[in-house]
Structure formats: C-alpha cells, structure tokens
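Asker: Just so it is clear, I am handing over run.pdb, which has PDB, C-alpha atoms.
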ATOM      1  CA  MET T 193       0.000   0.000   0.000
ATOM      2  CA  ALA T 194       2.894   2.382   0.686
ATOM      3  CA  TYR T 195       4.059   1.876  -2.896
ATOM      4  CA  ALA T 196       0.696   3.106  -4.162
ATOM      5  CA  MET T 197       0.871   6.166  -1.920
ATOM      6  CA  VAL T 198       4.348   7.063  -3.170
ATOM      7  CA  MET T 199       3.262   6.620  -6.788
ATOM      8  CA  GLN T 200       0.211   8.805  -6.148
ATOM      9  CA  MET T 201       2.498  11.465  -4.677
ATOM     10  CA  ILE T 202       4.815  11.363  -7.702
ATOM     11  CA  PHE T 203       1.959  11.593 -10.181
ATOM     12  CA  SER T 204       0.266  14.421  -8.291
ATOM     13  CA  VAL T 205       3.525  16.419  -8.270
ATOM     14  CA  ILE T 206       4.035  15.871 -11.992
ATOM     15  CA  GLY T 207       0.374  16.546 -12.764
ATOM     16  CA  LEU T 208       0.236  19.804 -10.842
ATOM     17  CA  ALA T 209       3.480  21.006 -12.437
ATOM     18  CA  VAL T 210       2.217  20.236 -15.938
ATOM     19  CA  PHE T 211      -1.101  21.898 -15.135
ATOM     20  CA  GLY T 212       0.803  24.987 -13.941
ATOM     21  CA  ILE T 213       2.774  25.116 -17.193
ATOM     22  CA  TYR T 214      -0.390  24.722 -19.262
ATOM     23  CA  LEU T 215      -2.281  27.368 -17.306
ATOM     24  CA  GLY T 216       0.642  29.788 -17.361
ATOM     25  CA  ARG T 217       1.033  29.493 -21.130
ATOM     26  CA  LYS T 218      -2.705  30.025 -21.661
ATOM     27  CA  ILE T 219      -2.847  33.143 -19.478
ATOM     28  CA  ASP T 220       0.485  34.759 -20.383
ATOM     29  CA  PRO T 221       2.177  33.112 -23.403
ATOM     30  CA  ASP T 222       5.141  35.537 -23.523
ATOM     31  CA  GLY T 223       5.878  35.891 -19.806
ATOM     32  CA  ASN T 224       7.351  33.854 -16.994
ATOM     33  CA  LEU T 225       4.012  32.937 -15.448
ATOM     34  CA  ALA T 226       4.285  29.317 -16.627
ATOM     35  CA  SER T 227       7.510  28.836 -14.680
ATOM     36  CA  TYR T 228       6.054  30.371 -11.538
ATOM     37  CA  LEU T 229       2.890  28.295 -11.701
ATOM     38  CA  ALA T 230       4.889  25.124 -12.375
ATOM     39  CA  ALA T 231       7.000  25.815  -9.287
ATOM     40  CA  ILE T 232       3.872  26.434  -7.219
ATOM     41  CA  GLY T 233       2.391  23.184  -8.559
ATOM     42  CA  LEU T 234       5.526  21.273  -7.601
ATOM     43  CA  PHE T 235       5.475  22.723  -4.116
ATOM     44  CA  LEU T 236       1.773  22.041  -3.591
ATOM     45  CA  GLY T 237       2.148  18.507  -4.927
ATOM     46  CA  LEU T 238       4.993  17.794  -2.526
ATOM     47  CA  VAL T 239       3.138  19.236   0.452
ATOM     48  CA  VAL T 240      -0.123  17.418  -0.285
ATOM     49  CA  GLY T 241       1.708  14.184  -1.086
ATOM     50  CA  TYR T 242       3.746  14.349   2.102
ATOM     51  CA  MET T 243       0.634  15.026   4.156
ATOM     52  CA  GLY T 244      -1.129  12.044   2.596
ATOM     53  CA  LEU T 245       1.859   9.780   3.161
ATOM     54  CA  HIS T 246       2.148  10.967   6.765
ATOM     55  CA  GLN T 247      -1.551  10.289   7.418
ATOM     56  CA  PHE T 248      -1.191   6.820   5.884
ATOM     57  CA  ILE T 249       1.752   5.993   8.142
ATOM     58  CA  LYS T 250      -0.135   7.252  11.203
ATOM     59  CA  SER T 251      -3.190   5.150  10.366
ATOM     60  CA  GLU T 252      -1.017   2.072   9.796
ATOM     61  CA  ASP T 253       0.623   2.602  13.193
ATOM     62  CA  ARG T 254      -2.793   2.844  14.846
ATOM     63  CA  TYR T 255      -3.907  -0.320  13.073
ATOM     64  CA  GLU T 256      -0.788  -2.197  14.181
ATOM     65  CA  ARG T 257      -1.257  -1.098  17.792
ATOM     66  CA  THR T 258      -4.881  -2.283  17.876
ATOM     67  CA  GLN T 259      -3.972  -5.627  16.308
ATOM     68  CA  ARG T 260      -1.300  -6.364  18.943
ATOM     69  CA  ASP T 261      -3.616  -5.689  21.905
TER      70      ASP T 261
END
Re-express the file's structure as structure tokens.
Answerer:
Amino acid sequence: MAYAMVMQMIFSVIGLAVFGIYLGRKIDPDGNLASYLAAIGLFLGLVVGYMGLHQFIKSEDRYERTQRD
C-alpha cells in the first residue's frame, strides 16, 4: 500500500506542475508565469503528497497497535 501512496504522490507532483505550465502558457504566453505556476504546482504537490503519506503511516501505526492488543 505504501508503494501506491508514493506513486500517487509522484503523479500528483508531476500533474500539478504540468497543469501549472499549461495554465501559465494560456494566461500569459510571452511571460514567466508558466515557470512560476509550475514551481507552485511542484510545491503544492509535494506538500499534499507528504501530508497524505504521513496520514497513511499514522493510520497504519494505529492499526498495528490495535492488532497487537
């Protein structure tokens, strides 16, 4: 299951970066907006992915503790 969470994190980071590039080129084709939005997408993807992975690890720890008792 952890493998699936890591893959989801990777694809969300890539997807948000590509979406930022696409949106930036649509709004401002000649400017640097695409680079800025891609960087924001990368950052948001990493943060959301890390939060999801952290929540998964916490829930697995809780599950393991209840199974031992």
Asker: Using only C-alpha atoms, which protein or nucleic acid residues come within 8 Å of stretch 202-218 of chain T? Drop anything in the same chain fewer than 4 positions from it, and give the result as a list in words.
Answerer: Val198, Asp222, Asn224, Leu225, Ala226, Ser227, Tyr228, Leu229, Ala230, Ala231, Ile232, Gly233, Leu234, Phe235, Leu236, Gly237, Leu238 and Gly241 of chain T
Asker: Restrict the selected residues to C-alpha atoms and save them as a compact mmCIF listing (two decimals), in the frame of the given file.
Answerer:
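Writing done, so here's part.txt:
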# COMPACT_ATOMS: atom_id res chain seq x y z
CA VAL T 198 4.35 7.06 -3.17
CA ASP T 222 5.14 35.54 -23.52
CA ASN T 224 7.35 33.85 -16.99
CA LEU T 225 4.01 32.94 -15.45
CA ALA T 226 4.28 29.32 -16.63
CA SER T 227 7.51 28.84 -14.68
CA TYR T 228 6.05 30.37 -11.54
CA LEU T 229 2.89 28.30 -11.70
CA ALA T 230 4.89 25.12 -12.38
CA ALA T 231 7.00 25.82 -9.29
CA ILE T 232 3.87 26.43 -7.22
CA GLY T 233 2.39 23.18 -8.56
CA LEU T 234 5.53 21.27 -7.60
CA PHE T 235 5.48 22.72 -4.12
CA LEU T 236 1.77 22.04 -3.59
CA GLY T 237 2.15 18.51 -4.93
CA LEU T 238 4.99 17.79 -2.53
CA GLY T 241 1.71 14.18 -1.09
Asker: List the neighbours of T:Ile249 out to 9 Å using only C-alpha atoms; skip same-chain residues closer than 5 positions along the sequence, and give me the result as a list in words.
Answerer: Ala194, Gly244 and Arg254 of chain T
Asker: Set the distance at 9 Å and use all atoms listed in the file: which residues neighbour T:Phe248 once local chain neighbours fewer than 5 positions away are removed? I'd like the list as a list of chain:residue names.
Answerer: T:Ala194, T:Met197, T:Met243, T:Asp253
Asker: State, in Å with one decimal place, the distance from atom CA of T:Met199 to atom CA of T:Tyr255.
Answerer: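 Atom-to-atom, atom CA of T:Met199 and atom CA of T:Tyr255 are spaced 22.2 Å apart.
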Asker: Would you compute the distance between atom CA of T:Arg257 and atom CA of T:Tyr242? Give it in Å to one decimal.
Answerer: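 Distance reported for this atom pair: 22.6 Å.
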Asker: Box in all listed atoms of stretch 199-207 of chain T, axis-aligned, with 4 Å more on each side; write out centre and edge lengths in Å to one decimal as JSON.
Answerer:
{"center_x": 2.5, "center_y": 11.6, "center_z": -8.7, "size_x": 12.6, "size_y": 17.9, "size_z": 16.1}
Asker: How would stretch 232-243 of chain T read, as a PDB file, in the frame of the given file, once N, CA and C atoms are built in?
Answerer:
ATOM      1  N   ILE T 232       4.922  26.499  -8.235  1.00  0.00           N
ATOM      2  CA  ILE T 232       3.872  26.434  -7.219  1.00  0.00           C
ATOM      3  C   ILE T 232       3.205  25.060  -7.241  1.00  0.00           C
ATOM      4  N   GLY T 233       2.970  24.522  -8.439  1.00  0.00           N
ATOM      5  CA  GLY T 233       2.391  23.184  -8.559  1.00  0.00           C
ATOM      6  C   GLY T 233       3.282  22.113  -7.969  1.00  0.00           C
ATOM      7  N   LEU T 234       4.584  22.227  -8.200  1.00  0.00           N
ATOM      8  CA  LEU T 234       5.526  21.273  -7.601  1.00  0.00           C
ATOM      9  C   LEU T 234       5.471  21.337  -6.083  1.00  0.00           C
ATOM     10  N   PHE T 235       5.500  22.542  -5.566  1.00  0.00           N
ATOM     11  CA  PHE T 235       5.475  22.723  -4.116  1.00  0.00           C
ATOM     12  C   PHE T 235       4.185  22.176  -3.511  1.00  0.00           C
ATOM     13  N   LEU T 236       3.052  22.525  -4.108  1.00  0.00           N
ATOM     14  CA  LEU T 236       1.773  22.041  -3.591  1.00  0.00           C
ATOM     15  C   LEU T 236       1.670  20.522  -3.685  1.00  0.00           C
ATOM     16  N   GLY T 237       2.163  19.957  -4.783  1.00  0.00           N
ATOM     17  CA  GLY T 237       2.148  18.507  -4.927  1.00  0.00           C
ATOM     18  C   GLY T 237       2.981  17.820  -3.872  1.00  0.00           C
ATOM     19  N   LEU T 238       4.143  18.373  -3.567  1.00  0.00           N
ATOM     20  CA  LEU T 238       4.993  17.794  -2.526  1.00  0.00           C
ATOM     21  C   LEU T 238       4.338  17.895  -1.155  1.00  0.00           C
ATOM     22  N   VAL T 239       3.764  19.036  -0.854  1.00  0.00           N
ATOM     23  CA  VAL T 239       3.138  19.236   0.452  1.00  0.00           C
ATOM     24  C   VAL T 239       1.936  18.304   0.617  1.00  0.00           C
ATOM     25  N   VAL T 240       1.068  18.270  -0.376  1.00  0.00           N
ATOM     26  CA  VAL T 240      -0.123  17.418  -0.285  1.00  0.00           C
ATOM     27  C   VAL T 240       0.275  15.939  -0.265  1.00  0.00           C
ATOM     28  N   GLY T 241       1.246  15.563  -1.071  1.00  0.00           N
ATOM     29  CA  GLY T 241       1.708  14.184  -1.086  1.00  0.00           C
ATOM     30  C   GLY T 241       2.334  13.771   0.227  1.00  0.00           C
ATOM     31  N   TYR T 242       3.131  14.643   0.808  1.00  0.00           N
ATOM     32  CA  TYR T 242       3.746  14.349   2.102  1.00  0.00           C
ATOM     33  C   TYR T 242       2.681  14.219   3.187  1.00  0.00           C
ATOM     34  N   MET T 243       1.698  15.102   3.162  1.00  0.00           N
ATOM     35  CA  MET T 243       0.634  15.026   4.156  1.00  0.00           C
ATOM     36  C   MET T 243      -0.132  13.717   4.024  1.00  0.00           C
TER      37      MET T 243
END
